[in-house]
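> I have a structure here, written as structure tokens, and I will follow up with some questions on it.
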Amino acid sequence: MIATSVSHYPKVGNGPGRQRLRQAIAQLDKGAIDRAALDRVADEVTAEVIQEQERAGLDLVTDGQIRWQDPVTYIAGRLEGFELHGLLRWFETNTYYRQPVATGPITWKEPILVRDFLYAREHASSPVKAVLTGPYTIGTLSETRHHQSRRDFVLELAGALNQELKALAEEGPAWIQIDEPAMARNPSVRYPRDFELFGEAMYRLTEGVNQQSRLSLYIYHGDVADYPQVADLPFALIGLDLVQGAANWDLVGSWPDSKAIGLGAVDARNVRLEDPDEVARRIAAVAAREIHVSPSCGLEFLPRETAFQKLELVARAAHAVEART
Amino acid sequence: MNETAQGLRTTSVGSLPKPDYLLHARAQRARNEISQEELDELSRRATQEWIRFQEEIGVDIVVDGEMYRGDMVAYFAENLEGMGISGLVRSYGNRYYKKPIATGDIRRPAPITVDWWKFAQSLTEKPVKGMLTGPYTIADWSFDNHYGSRRDLVMALAEVVRQEAQDLEQAGAEYLQIDEPAVSTRLDELDLVIESMAVVTSGLRAHTITHMCYGRFEEVYPRLLDIPVDQIDLEMANSGLELLEKFGAHPFTKAIGFGVVDVHTHKIESVDEVKKNIRRALDYLRPDQVFIDPDCGLKTRTVDEAKAKLRTIQQARDEVRSELVRA
Ligand SMILES: [Zn+2]
């Protein structure tokens with residue numbers, strides 16, 4: 001049983017010296033430092049949050065997406081064909097993303113995450129997973145002024161990100177994770193859900209990617225219990241949100257033996273700390289062959305100190321179950 | 001006055017921009033460089049200036065502009081037992097805020113806004129609106145480390161907001177506004193908003209209002225009308241057209257606060273533009289049903305921009321009103 005985080009991690013903390021990134025960005029805005037100086041601070045904070053995840057007891061970490069403004073901009077902003085427009089609400093949270101607008105064909109011009117992955121691996125003692133927001137979510141949260149249909153748009157995005165996946169796979173990360181929250185069923189948001197298009201996009205995305213890295217798909221901010229065929233998609237592991245998407249427990253109960261599962265069993269959006277024994281009890285009941293345990297989604301919704309406690313809880317629960325089996 | 005002349009009363013949604021001297025003083029207070037008394041003195045001065053301005057231009061129902069409040073949720077959380085404040089969380093870019101947390105059974109140890117309301121009302125003959133943040137919004141914008149269910153937290157907050165509303169009415173408030181801007185992000189929880197608002201407004205004789213903004217309210221219309229208040233205040237300047245069209249098939253049965261200027265732009269609307277917006281309302285609603293105001297709180301505008309927008313609203317209202325009387 002592997003304890004892991006999902007995607008992002010809080011960029012600043014509340015103790016002395018823990019707001020360096022925030023201060024550096026403010027200084028850049030005032031023209032007091034240059035871009036390179038900010039990048040150095042972002043690198044330092046990245047190393048820090050990697051070590052923090054390891055200290056919490058995780059077996060598999062992310063780079064915390066310290067450099068990301070939001071889950072969409074960092075990827076879409078570096079593909080050809082997008083402009084970045086106004087702020088929109090990210091799902092039903094109190095966080096925002098800048099809406100990409102496609103004004104031409106979407107093409108991949110250069111590696112987006114490879115340098116970040118290499119930096120993270122160099123600064124981690126545990127395995128690092130590369131995490132990428134998927135084409136279905138970017139497509140759903142963007143607008144296009146160029147494509148004939150939503151289908152054309154999403155599939156073109158999938159093709160562009162396929163090249164990113166191939167570039168990442170060259171470096172051989174243990175895991176490459178695709179995040180697709182827009183496929184979740186969430187009663188508060190009205191993003192169109194089209195599982196057929198989603199499936200097509202996932203095949204296009206993963207086509208011909210070097211199998212040395214294992215691919216995983218995480219769907220959070222809701223459930224996908226109405227599409228049990230999600231387990232058949234071309235990924236080694238599917239990660240599910242079991243807090244906001246409690247209906248996912250139905251899927252977990254009938255999970256195919258051949259497929260690994262990610263259990264987002266700890267609430268990443270509220271500060272209340274679950275009882276680790278209770279979490280352990282729930283995940284111990286899952287029969288899947290290979291299990292990753294994590295918070296329900298990225299941790300940037302929480303203060304840094306609470307995010308750390310949530311990861312400790314994930315690790316404690318996962319390792320308690322591991323020790324018993 | 002006949003019915004037409006009485007209609008189209010003007011008001012504001014709630015917050016108004018703080019003058020520079022007050023912003024400066026609040027920053028000093030945060031660094032403990034001045035006392036709370038010194039800050040309160042300046043908050044009173046700013047309140048007085050805004051009330052005088054609203055009187056001068058002829059606003060019918062005035063607001064204190066919330067000169068003494070920071071964030072609309074944190075302000076209440078700070079004054080309630082059983083609520084605390086979290087560490088920093090990011091909202092976007094380099095912007096961070098401290099989010100309230102329910103840490104125990106929520107209680108209101110003392111009235112929160114009543115003295116400020118009394119002060120504002122002492123400055124004018126016009127009615128001053130009592131301004132509260134609704135239980136659903138306080139809950140949705142807070143963490144919960146105690147109740148364990150959204151409903152339980154919302155209903156606990158409804159009880160303390162009810163107490164505050166009762167005290168404002170007792171003090172003489174004729175208009176009570178209970179803001180629920182969080183509704184628009186989770187329209188699937190409208191039932192919970194209705195249930196908790198019923199607790200807040202039950203037994204009140206004052207004219208009750210709720211303000212909400214930037215939602216696809218046409219999707220929950222006419223269920224929206226089940227929120228137990230006398231008036232629903234909505235931003236109608238830049239959107240709301242789809243909602244307005246629904247009023248044809250199912251009449252809007254309450255009073256409406258009808259937002260006629262955008263609060264997110266520096267640009268000052270022309271009187272003609274605002275008159276057109278007011279006339280749009282009159283296609284579906286009686287003048288006595290309609291209260292004219294900006295789309296939302298004006299606190300993000302400069303003092304001058306806010307004043308210009310309020311003046312424009314007032315002039316547009318006066319012109320539409322006299323055209324109605326002549327017709
Ligand atoms: Zn508003």
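Labeling convention for the structure tokens: chains A, B, ... as they appear, residues from 1 per chain, ligands from 1 in order of appearance.
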Please provide as a PyMOL selection string all residues within 8 Å of range 91-103 of chain B, with the sequence filter that same-chain residues fewer than 6 positions apart are discarded (counting only C-alpha atoms).

(chain A and resi 22+25-26+69-70+94-97) or (chain B and resi 73-74+77+82-85+141-147+153)

> Give one line per residue of chain B that approaches ligand 1 to at most 10 Å, naming the two atoms of the closest pair and their distance in Å to one decimal, counting only C-alpha atoms and all ligand atoms; sort by chain then ascending residue number and deliver it as a Markdown table.


```
| residue | atom | partner | partner_atom_place_in_ligand_line | distance |
| --- | --- | --- | --- | --- |
| B:Val13 | CA | ligand 1 | 1 (Zn) | 7.4 |
| B:Gly14 | CA | ligand 1 | 1 (Zn) | 8.9 |
| B:Ser15 | CA | ligand 1 | 1 (Zn) | 9.6 |
| B:Asp179 | CA | ligand 1 | 1 (Zn) | 8.1 |
| B:Glu180 | CA | ligand 1 | 1 (Zn) | 8.4 |
| B:Pro181 | CA | ligand 1 | 1 (Zn) | 5.8 |
| B:Ala182 | CA | ligand 1 | 1 (Zn) | 9.3 |
| B:Ser184 | CA | ligand 1 | 1 (Zn) | 9.9 |
| B:His211 | CA | ligand 1 | 1 (Zn) | 6.4 |
| B:Met212 | CA | ligand 1 | 1 (Zn) | 5.5 |
| B:Cys213 | CA | ligand 1 | 1 (Zn) | 4.4 |
| B:Tyr214 | CA | ligand 1 | 1 (Zn) | 7.3 |
| B:Asp233 | CA | ligand 1 | 1 (Zn) | 8.7 |
| B:Leu234 | CA | ligand 1 | 1 (Zn) | 7.7 |
| B:Glu235 | CA | ligand 1 | 1 (Zn) | 7.2 |
| B:Gly259 | CA | ligand 1 | 1 (Zn) | 9.6 |
| B:Val263 | CA | ligand 1 | 1 (Zn) | 9.0 |
| B:Pro294 | CA | ligand 1 | 1 (Zn) | 9.2 |
| B:Asp295 | CA | ligand 1 | 1 (Zn) | 6.6 |
| B:Cys296 | CA | ligand 1 | 1 (Zn) | 3.9 |
| B:Gly297 | CA | ligand 1 | 1 (Zn) | 5.9 |
| B:Leu298 | CA | ligand 1 | 1 (Zn) | 9.1 |
```

> Let me see the file: selected residues, all heavy atoms, as a short mmCIF file (atom, residue, chain, number, x, y, z; two decimals), in the first residue's frame.


```cif
data_model
loop_
_atom_site.label_atom_id
_atom_site.label_comp_id
_atom_site.auth_asym_id
_atom_site.auth_seq_id
_atom_site.Cartn_x
_atom_site.Cartn_y
_atom_site.Cartn_z
N VAL B 13 -26.23 48.09 -2.12
CA VAL B 13 -26.20 46.68 -1.71
C VAL B 13 -25.60 46.54 -0.32
O VAL B 13 -26.02 45.68 0.45
CB VAL B 13 -25.46 45.83 -2.75
CG1 VAL B 13 -25.29 44.40 -2.27
CG2 VAL B 13 -26.22 45.85 -4.06
N GLY B 14 -24.62 47.38 0.01
CA GLY B 14 -24.07 47.27 1.36
C GLY B 14 -22.75 47.97 1.51
O GLY B 14 -22.67 49.07 2.03
N SER B 15 -21.68 47.33 1.00
CA SER B 15 -20.37 47.91 1.24
C SER B 15 -20.11 49.09 0.31
O SER B 15 -20.58 49.12 -0.83
CB SER B 15 -19.29 46.85 1.04
OG SER B 15 -19.18 46.52 -0.32
N ASP B 179 -27.22 38.80 3.56
CA ASP B 179 -26.56 38.48 2.29
C ASP B 179 -26.24 37.01 2.16
O ASP B 179 -25.68 36.41 3.08
CB ASP B 179 -25.26 39.28 2.16
CG ASP B 179 -25.53 40.75 1.89
OD1 ASP B 179 -26.66 41.08 1.48
OD2 ASP B 179 -24.60 41.56 2.07
N GLU B 180 -26.52 36.44 1.00
CA GLU B 180 -26.17 35.04 0.74
C GLU B 180 -25.47 34.88 -0.62
O GLU B 180 -25.92 34.13 -1.49
CB GLU B 180 -27.42 34.14 0.80
CG GLU B 180 -28.00 33.94 2.20
CD GLU B 180 -27.15 33.03 3.10
OE1 GLU B 180 -25.96 32.81 2.81
OE2 GLU B 180 -27.71 32.55 4.10
N PRO B 181 -24.34 35.56 -0.82
CA PRO B 181 -23.68 35.46 -2.12
C PRO B 181 -23.16 34.06 -2.44
O PRO B 181 -22.97 33.74 -3.61
CB PRO B 181 -22.51 36.46 -2.00
CG PRO B 181 -22.29 36.63 -0.54
CD PRO B 181 -23.64 36.47 0.10
N ALA B 182 -22.96 33.22 -1.42
CA ALA B 182 -22.42 31.88 -1.69
C ALA B 182 -23.42 30.97 -2.40
O ALA B 182 -23.03 29.96 -2.98
CB ALA B 182 -21.94 31.23 -0.38
N SER B 184 -24.88 31.24 -5.11
CA SER B 184 -24.75 31.13 -6.55
C SER B 184 -23.76 30.05 -6.98
O SER B 184 -23.88 29.51 -8.07
CB SER B 184 -24.34 32.47 -7.15
OG SER B 184 -23.13 32.88 -6.58
N HIS B 211 -29.37 39.44 -0.56
CA HIS B 211 -28.62 39.76 -1.76
C HIS B 211 -27.82 38.54 -2.20
O HIS B 211 -27.18 37.88 -1.39
CB HIS B 211 -27.67 40.94 -1.50
CG HIS B 211 -26.62 41.09 -2.56
ND1 HIS B 211 -26.90 41.63 -3.80
CD2 HIS B 211 -25.31 40.74 -2.59
CE1 HIS B 211 -25.79 41.61 -4.54
NE2 HIS B 211 -24.82 41.07 -3.83
N MET B 212 -27.88 38.25 -3.49
CA MET B 212 -27.10 37.16 -4.06
C MET B 212 -26.51 37.67 -5.35
O MET B 212 -27.04 38.63 -5.92
CB MET B 212 -28.00 35.97 -4.34
CG MET B 212 -28.75 35.53 -3.10
SD MET B 212 -29.83 34.14 -3.35
CE MET B 212 -30.98 34.81 -4.45
N CYS B 213 -25.43 37.08 -5.83
CA CYS B 213 -24.92 37.62 -7.09
C CYS B 213 -24.27 36.58 -7.98
O CYS B 213 -23.81 35.56 -7.53
CB CYS B 213 -24.00 38.80 -6.85
SG CYS B 213 -22.85 38.63 -5.51
N TYR B 214 -24.24 36.91 -9.25
CA TYR B 214 -23.47 36.17 -10.25
C TYR B 214 -23.79 34.69 -10.29
O TYR B 214 -22.91 33.85 -10.23
CB TYR B 214 -21.97 36.42 -10.05
CG TYR B 214 -21.67 37.86 -9.86
CD1 TYR B 214 -21.28 38.36 -8.62
CD2 TYR B 214 -21.86 38.75 -10.91
CE1 TYR B 214 -21.06 39.72 -8.44
CE2 TYR B 214 -21.64 40.10 -10.74
CZ TYR B 214 -21.24 40.58 -9.50
OH TYR B 214 -21.05 41.91 -9.33
N ASP B 233 -32.41 40.69 -3.83
CA ASP B 233 -31.60 41.69 -4.52
C ASP B 233 -30.63 40.99 -5.45
O ASP B 233 -29.85 40.13 -5.01
CB ASP B 233 -30.84 42.52 -3.47
CG ASP B 233 -29.98 43.59 -4.12
OD1 ASP B 233 -30.56 44.52 -4.71
OD2 ASP B 233 -28.74 43.48 -4.07
N LEU B 234 -30.67 41.34 -6.73
CA LEU B 234 -29.88 40.61 -7.73
C LEU B 234 -29.13 41.57 -8.63
O LEU B 234 -29.58 42.70 -8.89
CB LEU B 234 -30.82 39.76 -8.60
CG LEU B 234 -31.62 38.68 -7.88
CD1 LEU B 234 -32.78 38.23 -8.75
CD2 LEU B 234 -30.73 37.51 -7.51
N GLU B 235 -27.99 41.10 -9.15
CA GLU B 235 -27.27 41.93 -10.11
C GLU B 235 -27.95 41.75 -11.46
O GLU B 235 -28.07 40.65 -11.96
CB GLU B 235 -25.78 41.52 -10.16
CG GLU B 235 -25.53 40.04 -10.40
CD GLU B 235 -24.94 39.75 -11.75
OE1 GLU B 235 -24.34 40.66 -12.33
OE2 GLU B 235 -25.08 38.63 -12.23
N GLY B 259 -30.18 45.48 -9.55
CA GLY B 259 -28.86 46.08 -9.80
C GLY B 259 -28.80 46.69 -11.18
O GLY B 259 -29.13 46.02 -12.16
N VAL B 263 -20.39 46.75 -10.80
CA VAL B 263 -19.46 47.20 -9.75
C VAL B 263 -18.02 46.83 -10.06
O VAL B 263 -17.11 47.18 -9.32
CB VAL B 263 -19.85 46.62 -8.37
CG1 VAL B 263 -21.25 47.08 -7.97
CG2 VAL B 263 -19.76 45.11 -8.34
N PRO B 294 -26.83 49.36 -7.08
CA PRO B 294 -25.74 48.78 -7.89
C PRO B 294 -25.83 47.25 -7.86
O PRO B 294 -26.53 46.69 -7.01
CB PRO B 294 -24.47 49.26 -7.17
CG PRO B 294 -24.91 50.36 -6.25
CD PRO B 294 -26.33 50.05 -5.88
N ASP B 295 -25.12 46.57 -8.75
CA ASP B 295 -25.16 45.11 -8.81
C ASP B 295 -24.74 44.44 -7.52
O ASP B 295 -25.22 43.36 -7.18
CB ASP B 295 -24.21 44.62 -9.92
CG ASP B 295 -24.92 44.50 -11.26
OD1 ASP B 295 -26.14 44.72 -11.31
OD2 ASP B 295 -24.23 44.18 -12.25
N CYS B 296 -23.78 45.03 -6.83
CA CYS B 296 -23.19 44.37 -5.66
C CYS B 296 -22.57 45.46 -4.80
O CYS B 296 -22.74 46.65 -5.09
CB CYS B 296 -22.14 43.36 -6.16
SG CYS B 296 -21.51 42.24 -4.89
N GLY B 297 -21.86 45.07 -3.75
CA GLY B 297 -21.17 46.06 -2.93
C GLY B 297 -20.16 46.83 -3.76
O GLY B 297 -19.55 46.29 -4.68
N LEU B 298 -20.01 48.12 -3.44
CA LEU B 298 -19.12 48.98 -4.24
C LEU B 298 -17.72 49.09 -3.65
O LEU B 298 -16.93 49.93 -4.08
CB LEU B 298 -19.73 50.38 -4.38
CG LEU B 298 -20.86 50.54 -5.41
CD1 LEU B 298 -21.61 51.85 -5.19
CD2 LEU B 298 -20.30 50.49 -6.84
#
```

> Closest to chain A among B:Ile232, B:Leu224, B:Leu88, B:Val161, using only C-alpha atoms?

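Counting only C-alpha atoms, the residue closest to chain A is B:Leu88.
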
> Apply DSSP to the backbone of this structure and, from range 135-318 of chain B, keep only the residues in strand (DSSP E); write these as a PyMOL selection string.

chain B and resi 143-144+175-179+207-211+231-235+255-259+290-293

> Counting only C-alpha atoms, what is within 9 Å of Gly139 in chain A, bar same-chain residues fewer than 2 positions away, as JSON, numbers by chain?

{"A": [100, 134, 135, 136, 137, 141, 142, 143, 144, 150, 153, 154, 155, 157]}

> Suppose we keep all heavy atoms; can you now write the selection as an mmCIF file, in the first residue's frame?


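Contents of result_2.cif, as written:
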```
data_model
loop_
_atom_site.group_PDB
_atom_site.id
_atom_site.type_symbol
_atom_site.label_atom_id
_atom_site.label_comp_id
_atom_site.auth_asym_id
_atom_site.auth_seq_id
_atom_site.Cartn_x
_atom_site.Cartn_y
_atom_site.Cartn_z
ATOM 1 N N PRO A 100 -8.414 29.656 -20.462
ATOM 2 C CA PRO A 100 -7.755 29.653 -21.766
ATOM 3 C C PRO A 100 -8.800 29.758 -22.882
ATOM 4 O O PRO A 100 -9.873 29.190 -22.780
ATOM 5 C CB PRO A 100 -7.071 28.290 -21.823
ATOM 6 C CG PRO A 100 -7.159 27.723 -20.437
ATOM 7 C CD PRO A 100 -8.372 28.337 -19.814
ATOM 8 N N GLY A 134 -5.406 16.919 -17.467
ATOM 9 C CA GLY A 134 -5.713 16.233 -18.717
ATOM 10 C C GLY A 134 -6.472 17.079 -19.730
ATOM 11 O O GLY A 134 -7.019 18.130 -19.417
ATOM 12 N N PRO A 135 -6.528 16.588 -20.974
ATOM 13 C CA PRO A 135 -7.140 17.322 -22.079
ATOM 14 C C PRO A 135 -8.644 17.522 -21.916
ATOM 15 O O PRO A 135 -9.183 18.538 -22.357
ATOM 16 C CB PRO A 135 -6.861 16.430 -23.297
ATOM 17 C CG PRO A 135 -6.622 15.064 -22.739
ATOM 18 C CD PRO A 135 -5.972 15.293 -21.400
ATOM 19 N N TYR A 136 -9.321 16.564 -21.275
ATOM 20 C CA TYR A 136 -10.772 16.698 -21.124
ATOM 21 C C TYR A 136 -11.086 17.862 -20.177
ATOM 22 O O TYR A 136 -11.973 18.685 -20.441
ATOM 23 C CB TYR A 136 -11.367 15.390 -20.592
ATOM 24 C CG TYR A 136 -12.874 15.419 -20.527
ATOM 25 C CD1 TYR A 136 -13.646 15.136 -21.648
ATOM 26 C CD2 TYR A 136 -13.524 15.763 -19.339
ATOM 27 C CE1 TYR A 136 -15.035 15.184 -21.597
ATOM 28 C CE2 TYR A 136 -14.906 15.815 -19.280
ATOM 29 C CZ TYR A 136 -15.656 15.522 -20.413
ATOM 30 O OH TYR A 136 -17.028 15.578 -20.349
ATOM 31 N N THR A 137 -10.329 17.962 -19.096
ATOM 32 C CA THR A 137 -10.555 19.039 -18.123
ATOM 33 C C THR A 137 -10.131 20.390 -18.697
ATOM 34 O O THR A 137 -10.878 21.374 -18.604
ATOM 35 C CB THR A 137 -9.813 18.734 -16.813
ATOM 36 O OG1 THR A 137 -10.379 17.542 -16.251
ATOM 37 C CG2 THR A 137 -9.938 19.875 -15.813
ATOM 38 N N LEU A 141 -12.881 23.396 -19.396
ATOM 39 C CA LEU A 141 -12.789 24.667 -18.684
ATOM 40 C C LEU A 141 -12.319 25.827 -19.579
ATOM 41 O O LEU A 141 -12.256 26.963 -19.136
ATOM 42 C CB LEU A 141 -11.850 24.526 -17.465
ATOM 43 C CG LEU A 141 -12.537 24.079 -16.174
ATOM 44 C CD1 LEU A 141 -13.364 22.829 -16.349
ATOM 45 C CD2 LEU A 141 -11.546 23.897 -15.045
ATOM 46 N N SER A 142 -12.022 25.516 -20.830
ATOM 47 C CA SER A 142 -11.587 26.548 -21.766
ATOM 48 C C SER A 142 -12.725 26.874 -22.726
ATOM 49 O O SER A 142 -13.769 26.232 -22.731
ATOM 50 C CB SER A 142 -10.396 26.064 -22.590
ATOM 51 O OG SER A 142 -9.345 25.653 -21.774
ATOM 52 N N GLU A 143 -12.444 27.850 -23.564
ATOM 53 C CA GLU A 143 -13.377 28.172 -24.629
ATOM 54 C C GLU A 143 -12.584 28.014 -25.927
ATOM 55 O O GLU A 143 -11.370 28.182 -25.920
ATOM 56 C CB GLU A 143 -13.791 29.632 -24.434
ATOM 57 C CG GLU A 143 -14.873 30.131 -25.347
ATOM 58 C CD GLU A 143 -14.992 31.655 -25.276
ATOM 59 O OE1 GLU A 143 -15.029 32.213 -24.156
ATOM 60 O OE2 GLU A 143 -15.015 32.278 -26.344
ATOM 61 N N THR A 144 -13.271 27.676 -27.006
ATOM 62 C CA THR A 144 -12.554 27.707 -28.283
ATOM 63 C C THR A 144 -13.270 28.612 -29.273
ATOM 64 O O THR A 144 -14.486 28.620 -29.356
ATOM 65 C CB THR A 144 -12.359 26.306 -28.900
ATOM 66 O OG1 THR A 144 -11.680 26.481 -30.158
ATOM 67 C CG2 THR A 144 -13.677 25.567 -29.106
ATOM 68 N N ARG A 150 -16.668 20.715 -29.827
ATOM 69 C CA ARG A 150 -16.001 20.414 -28.567
ATOM 70 C C ARG A 150 -15.152 19.156 -28.725
ATOM 71 O O ARG A 150 -14.049 19.062 -28.199
ATOM 72 C CB ARG A 150 -17.104 20.214 -27.519
ATOM 73 C CG ARG A 150 -16.657 19.757 -26.172
ATOM 74 C CD ARG A 150 -17.839 19.863 -25.207
ATOM 75 N NE ARG A 150 -17.925 18.755 -24.275
ATOM 76 C CZ ARG A 150 -17.179 18.643 -23.188
ATOM 77 N NH1 ARG A 150 -16.298 19.585 -22.894
ATOM 78 N NH2 ARG A 150 -17.293 17.604 -22.393
ATOM 79 N N PHE A 153 -11.910 19.857 -30.463
ATOM 80 C CA PHE A 153 -11.064 20.622 -29.554
ATOM 81 C C PHE A 153 -10.392 19.703 -28.529
ATOM 82 O O PHE A 153 -9.165 19.691 -28.362
ATOM 83 C CB PHE A 153 -11.954 21.676 -28.869
ATOM 84 C CG PHE A 153 -11.269 22.573 -27.886
ATOM 85 C CD1 PHE A 153 -9.972 23.044 -28.090
ATOM 86 C CD2 PHE A 153 -11.953 22.982 -26.733
ATOM 87 C CE1 PHE A 153 -9.369 23.896 -27.174
ATOM 88 C CE2 PHE A 153 -11.360 23.828 -25.812
ATOM 89 C CZ PHE A 153 -10.056 24.283 -26.029
ATOM 90 N N VAL A 154 -11.208 18.877 -27.861
ATOM 91 C CA VAL A 154 -10.676 18.003 -26.804
ATOM 92 C C VAL A 154 -9.700 16.978 -27.393
ATOM 93 O O VAL A 154 -8.638 16.709 -26.819
ATOM 94 C CB VAL A 154 -11.834 17.311 -26.046
ATOM 95 C CG1 VAL A 154 -11.312 16.207 -25.134
ATOM 96 C CG2 VAL A 154 -12.635 18.345 -25.236
ATOM 97 N N LEU A 155 -10.024 16.437 -28.559
ATOM 98 C CA LEU A 155 -9.141 15.423 -29.148
ATOM 99 C C LEU A 155 -7.831 16.044 -29.636
ATOM 100 O O LEU A 155 -6.768 15.434 -29.543
ATOM 101 C CB LEU A 155 -9.863 14.676 -30.275
ATOM 102 C CG LEU A 155 -11.032 13.797 -29.797
ATOM 103 C CD1 LEU A 155 -11.690 13.087 -30.969
ATOM 104 C CD2 LEU A 155 -10.588 12.781 -28.738
ATOM 105 N N LEU A 157 -6.424 18.628 -28.232
ATOM 106 C CA LEU A 157 -5.686 18.821 -26.983
ATOM 107 C C LEU A 157 -5.039 17.512 -26.519
ATOM 108 O O LEU A 157 -3.894 17.491 -26.066
ATOM 109 C CB LEU A 157 -6.662 19.282 -25.898
ATOM 110 C CG LEU A 157 -6.705 20.753 -25.564
ATOM 111 C CD1 LEU A 157 -7.977 21.068 -24.782
ATOM 112 C CD2 LEU A 157 -5.484 21.120 -24.737
#
```

> Name the residues in contact with Ala268 in chain A at a cut-off of 12 Å, using only C-alpha atoms, excluding same-chain residues fewer than 2 positions from it; report them as a PyMOL selection string.

(chain A and resi 5-10+93+220-221+241-244+264-266+270-274+294-304+306-311+313-314) or (chain B and resi 143)

> Output as a count of residues only all residues of range 78-176 of chain A that backbone DSSP marks as helix (DSSP H, G or I).

37

> Given the choices A:Val189, A:Leu58, A:Ala160, A:Leu233, which gets closest to chain B if the distance is worked out from only C-alpha atoms?

A:Val189

> May I ask which of the residues A:Asp267, A:Ala260, A:Leu132, A:Val230 is the closest one to chain B, counting only C-alpha atoms?

A:Asp267

> Any idea what's packed within 9 Å of range 46-49 of chain A, counting only C-alpha atoms, ignoring anything in its chain fewer than 3 positions away? Could you give it as a PyMOL selection string?

chain A and resi 9-11+41-43+52-54+62-67+119-120+123-124

> I'd like the neighbourhood of Arg186 in chain B as a list in words, where a residue qualifies if any of its atoms comes within 10 Å (using only C-alpha atoms), though same-chain residues fewer than 4 positions away should be ignored.

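Surrounding residues, per the criterion: Phe91, Glu92, Thr93, Pro187, Ser188 and Val189 of chain A; Asp140, Ala182, Leu190 and Gly215 of chain B.
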
> Quote the spacing between CA of Ala139 in chain B and CA of Thr210 in chain B in Å to one decimal place.

16.1 Å

> Measuring atom to atom with only C-alpha atoms, identify which of A:Lys166, A:Arg269, A:His292, A:Arg185 is nearest to chain B.

A:Arg269

> Would you list the contacts of Gly240 in chain B as an MDAnalysis selection string, taking every protein, DNA or RNA residue within 9 Å and counting only C-alpha atoms, but skipping same-chain residues closer than 2 positions in sequence?

chainID B and resid 214:218 234:238 242:245

> Enter the distance from CA of Leu28 in chain A to CA of Gln99 in chain A, in Å, rounded to one decimal.

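Computing the Euclidean distance for CA of Leu28 in chain A and CA of Gln99 in chain A yields 23.2 Å.
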
> As an exercise, work out the distance from CA of Phe195 in chain A to CA of Val293 in chain A in Å and give it to one decimal place.

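Distance between the two atoms: 25.2 Å.
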